[in-house]
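Below is one structure, written out as structure tokens, with a few remarks after it.
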Amino acid sequence: MHIISKRTLRDFWTIHPAAAGPLLYWHTVLQHALAANFAELKTVFNTVDWVGGYVVFDVGGNNYRVITDVVFRTQTVFIKHVFTHKEYNAWKP
């Protein structure tokens with residue numbers, strides 16, 4: 001899948017350095033994944049959910065949440081937000 005944009009991840013791990021490893025791992029796995037639909041994506045990441053029209057990935061053992069818009073037809077993932085677990089709980093989609 002094509003992920004737009006890694007800069008959002010980099011900006012987040014600049015503030016939260018412990019997030020760098022888990023987010024890079026997530027990026028690498030997703031970049032090499034092929035999923036025609038949400039069910040197929042769930043076989044790659046079983047901690048992914050639909051929330052408020054977004055595809056939300058639980059990354060780093062429930063420490064971080066990556067909020068995305070996934071276009072399966074074009075295999076494109078648009079990163080909308082990256083949150084700590086606490087920040088995610090305060091987010092209103």
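Within each chain, counting starts at residue 1; across the structure tokens, chains are named A, B, ... in the order shown, with ligands numbered 1 upward in that order.
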| said: Quick check for you: according to DSSP on this backbone, which residues of chain A are classed as alpha helix (DSSP H)? Reply as a ChimeraX atom specification. | reply: /A:6-15,20-31,38-44,85-90
Restricting the output to C-alpha atoms, write the selected residues as a PDB file, in the first residue's frame.
```pdb
ATOM      1  CA  LYS A   6       5.512   9.358   6.586  1.00  0.00           C
ATOM      2  CA  ARG A   7       6.219  12.921   7.691  1.00  0.00           C
ATOM      3  CA  THR A   8       3.181  12.790   9.983  1.00  0.00           C
ATOM      4  CA  LEU A   9       4.717   9.780  11.719  1.00  0.00           C
ATOM      5  CA  ARG A  10       8.113  11.472  11.925  1.00  0.00           C
ATOM      6  CA  ASP A  11       6.574  14.607  13.439  1.00  0.00           C
ATOM      7  CA  PHE A  12       4.874  12.463  16.077  1.00  0.00           C
ATOM      8  CA  TRP A  13       7.942  10.458  17.061  1.00  0.00           C
ATOM      9  CA  THR A  14       9.977  13.650  17.321  1.00  0.00           C
ATOM     10  CA  ILE A  15       7.700  14.549  20.241  1.00  0.00           C
ATOM     11  CA  ALA A  20       9.620   5.601  16.461  1.00  0.00           C
ATOM     12  CA  GLY A  21      10.176   1.828  16.482  1.00  0.00           C
ATOM     13  CA  PRO A  22       6.511   0.770  16.597  1.00  0.00           C
ATOM     14  CA  LEU A  23       5.487   3.345  13.978  1.00  0.00           C
ATOM     15  CA  LEU A  24       8.305   2.376  11.608  1.00  0.00           C
ATOM     16  CA  TYR A  25       7.338  -1.281  12.001  1.00  0.00           C
ATOM     17  CA  TRP A  26       3.667  -0.450  11.292  1.00  0.00           C
ATOM     18  CA  HIS A  27       4.689   1.581   8.233  1.00  0.00           C
ATOM     19  CA  THR A  28       6.879  -1.220   6.857  1.00  0.00           C
ATOM     20  CA  VAL A  29       4.237  -3.919   7.321  1.00  0.00           C
ATOM     21  CA  LEU A  30       1.477  -1.784   5.831  1.00  0.00           C
ATOM     22  CA  GLN A  31       3.660  -0.673   2.927  1.00  0.00           C
ATOM     23  CA  PHE A  38     -11.320  -3.994   5.397  1.00  0.00           C
ATOM     24  CA  ALA A  39     -11.667  -7.715   6.150  1.00  0.00           C
ATOM     25  CA  GLU A  40      -8.403  -8.447   4.334  1.00  0.00           C
ATOM     26  CA  LEU A  41      -6.705  -5.565   6.132  1.00  0.00           C
ATOM     27  CA  LYS A  42      -7.872  -7.043   9.430  1.00  0.00           C
ATOM     28  CA  THR A  43      -6.004 -10.264   8.607  1.00  0.00           C
ATOM     29  CA  VAL A  44      -2.784  -8.215   8.447  1.00  0.00           C
ATOM     30  CA  HIS A  85      -3.647   6.318  23.786  1.00  0.00           C
ATOM     31  CA  LYS A  86      -4.593   9.171  26.127  1.00  0.00           C
ATOM     32  CA  GLU A  87      -4.863  11.696  23.266  1.00  0.00           C
ATOM     33  CA  TYR A  88      -6.994   9.244  21.283  1.00  0.00           C
ATOM     34  CA  ASN A  89      -9.444   8.906  24.182  1.00  0.00           C
ATOM     35  CA  ALA A  90     -10.013  12.680  24.067  1.00  0.00           C
TER      36      ALA A  90
END
```
| task | Do a neighbour search on Phe78 of chain A at 9 Å with only C-alpha atoms, toss out local chain neighbours closer than 5 positions, and write the hits as an NGL selection string. | result | :A and (2-5 or 67-71)
| task | Within chain A, find each residue whose DSSP state, derived from the backbone, is strand (DSSP E or B), and express the selection as a count of residues only. | result | 30
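In terms of minimum interatomic distance to Lys92 of chain A, A:Gly52 ranks closest within A:Asp58, A:Arg65, A:Gly52, A:Ile79, counting only C-alpha atoms.
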